[in-house]
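S.K.: Quick one: this structure, given as structure tokens, is what I'll be asking you about.
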Amino acid sequence: MTIILIFLLIFILIPTVLFFIFVKKFNGIKTVSIILLATVTISIGCLYIFKKSDAEVIIEKLNESKLPLISNYKINKSVTEENWDYYYEYELKISNIDKEKIINEISKAKKFQKLKENQFDDYIKNEYLKEIINNQIQQNYNIDDLYIRKISFPNSSREFEITIDSRTNELKILDHYF
């Protein structure tokens, strides 16, 4: 998003301002330049007005991972960076019902594994422990009190991870391209 705004600034706003400076040399073009500047300003404003809210993005991400929430939740942390690549990180406080439902969904997956810290690297690299569902490659595992569903996509550098802490009822959503 930041790069898009910089692009708009460099290639649209600066030439428009320069056009205003030299508009006195041209007759009758002042109204055209005002219309041009108003159009650019309105289009930048529309980018912010029609941007999805955090709640919409969270619901979309949880539905994509097949782990929708039933009850209300509280957003503890929200980090969004949209450049050429994007990065979403959300931390939510969820209800006990949702926590039990998500833990149950993750632990009843076909290739679910309970891991110790020293087994993690071998598990992530093992192709036989990955489950292919539709256009997603899923890994479901448990380390200590964390239940994790890691999703990657073939032919893409996108990685998506849902982590739930069974002690604190905190759900972490991390979605990014790298």
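Chains: A, B, ... in order of the structure tokens. Residues: from 1 per chain. Ligands: from 1, in order shown.
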Which residues of range 51-138 of chain A sit at most 8 Å from range 167-173 of chain A, using only C-alpha atoms? Give each one's shortest atom pair and distance in Å (one decimal place), in chain and ascending residue order, as a Markdown table.
M.R.:
| residue | atom | partner | partner_atom | distance |
| --- | --- | --- | --- | --- |
| A:Ile58 | CA | A:Ile173 | CA | 8.0 |
| A:Lys61 | CA | A:Ile173 | CA | 7.9 |
| A:Tyr88 | CA | A:Ile173 | CA | 7.6 |
| A:Glu89 | CA | A:Ile173 | CA | 5.6 |
| A:Tyr90 | CA | A:Ile173 | CA | 5.1 |
| A:Glu91 | CA | A:Lys172 | CA | 4.5 |
| A:Leu92 | CA | A:Leu171 | CA | 5.1 |
| A:Lys93 | CA | A:Glu170 | CA | 4.8 |
| A:Ile94 | CA | A:Asn169 | CA | 5.6 |
| A:Ser95 | CA | A:Asn169 | CA | 6.8 |
| A:Asn96 | CA | A:Asn169 | CA | 6.8 |
| A:Lys99 | CA | A:Asn169 | CA | 6.1 |
S.K.: Can you write just those residues out, C-alpha atoms, as a JSON list (two decimals), in the first residue's frame?
M.R.:
[["chain", "number", "residue", "atom", "x", "y", "z"],
["A", 58, "ILE", "CA", -9.91, -12.18, 10.01],
["A", 61, "LYS", "CA", -8.56, -15.93, 6.75],
["A", 88, "TYR", "CA", -0.98, -9.93, 8.05],
["A", 89, "GLU", "CA", -0.62, -10.73, 11.73],
["A", 90, "TYR", "CA", -3.53, -10.85, 14.14],
["A", 91, "GLU", "CA", -3.72, -11.95, 17.75],
["A", 92, "LEU", "CA", -7.20, -12.65, 19.07],
["A", 93, "LYS", "CA", -8.66, -13.51, 22.45],
["A", 94, "ILE", "CA", -11.34, -16.15, 21.78],
["A", 95, "SER", "CA", -13.92, -18.02, 23.84],
["A", 96, "ASN", "CA", -13.44, -21.48, 25.38],
["A", 99, "LYS", "CA", -10.72, -22.80, 21.49]]
S.K.: Could you please write out, as a ChimeraX atom specification, every residue of range 23-176 of chain A that DSSP assigns to alpha helix (DSSP H)?
M.R.: /A:30-49,54-64,96-107,120-125
S.K.: I'd like the contact shell of range 138-155 of chain A - 7 Å cut-off, only C-alpha atoms, skipping same-chain residues fewer than 4 positions apart - returned as a list of chain:residue names.
M.R.: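 The contact residues come out as A:Ile103, A:Ile106, A:Ala109, A:Lys111, A:Phe112, A:Gln113, A:Lys114, A:Leu115, A:Lys116, A:Glu117, A:Lys130, A:Glu131, A:Ile132, A:Glu159, A:Phe160, A:Glu161, A:Ile162, A:Thr163, A:Ile164, A:Asp165, A:Ser166, A:Arg167.
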S.K.: Taking 6 positions as the minimum chain separation for residues in the same chain, which residues sit within 8 Å of Tyr177 in chain A when counting only C-alpha atoms? Answer as JSON, numbers by chain.
M.R.: {"A": [85, 86, 87, 157, 158, 159]}
S.K.: How far is it from CA of Ile59 in chain A to CA of Tyr73 in chain A, in Å with one decimal?
M.R.: 10.9 Å
S.K.: Between A:Ser71, A:Ala55, A:Ile12, A:Glu60, which residue has the minimum interatomic distance to Ser43 in chain A, considering only C-alpha atoms?
M.R.: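 Of all the options, A:Ile12 lies closest to Ser43 in chain A.
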S.K.: What does the structure give for the distance between CA of Lys77 in chain A and CA of Cys46 in chain A, in Å to one decimal?
M.R.: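 If I compute the distance from CA of Lys77 in chain A to CA of Cys46 in chain A, I get 25.4 Å.
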S.K.: State, in Å with one decimal place, the distance from CA of Val57 in chain A to CA of Ile42 in chain A.
M.R.: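 So the answer is 24.2 Å.
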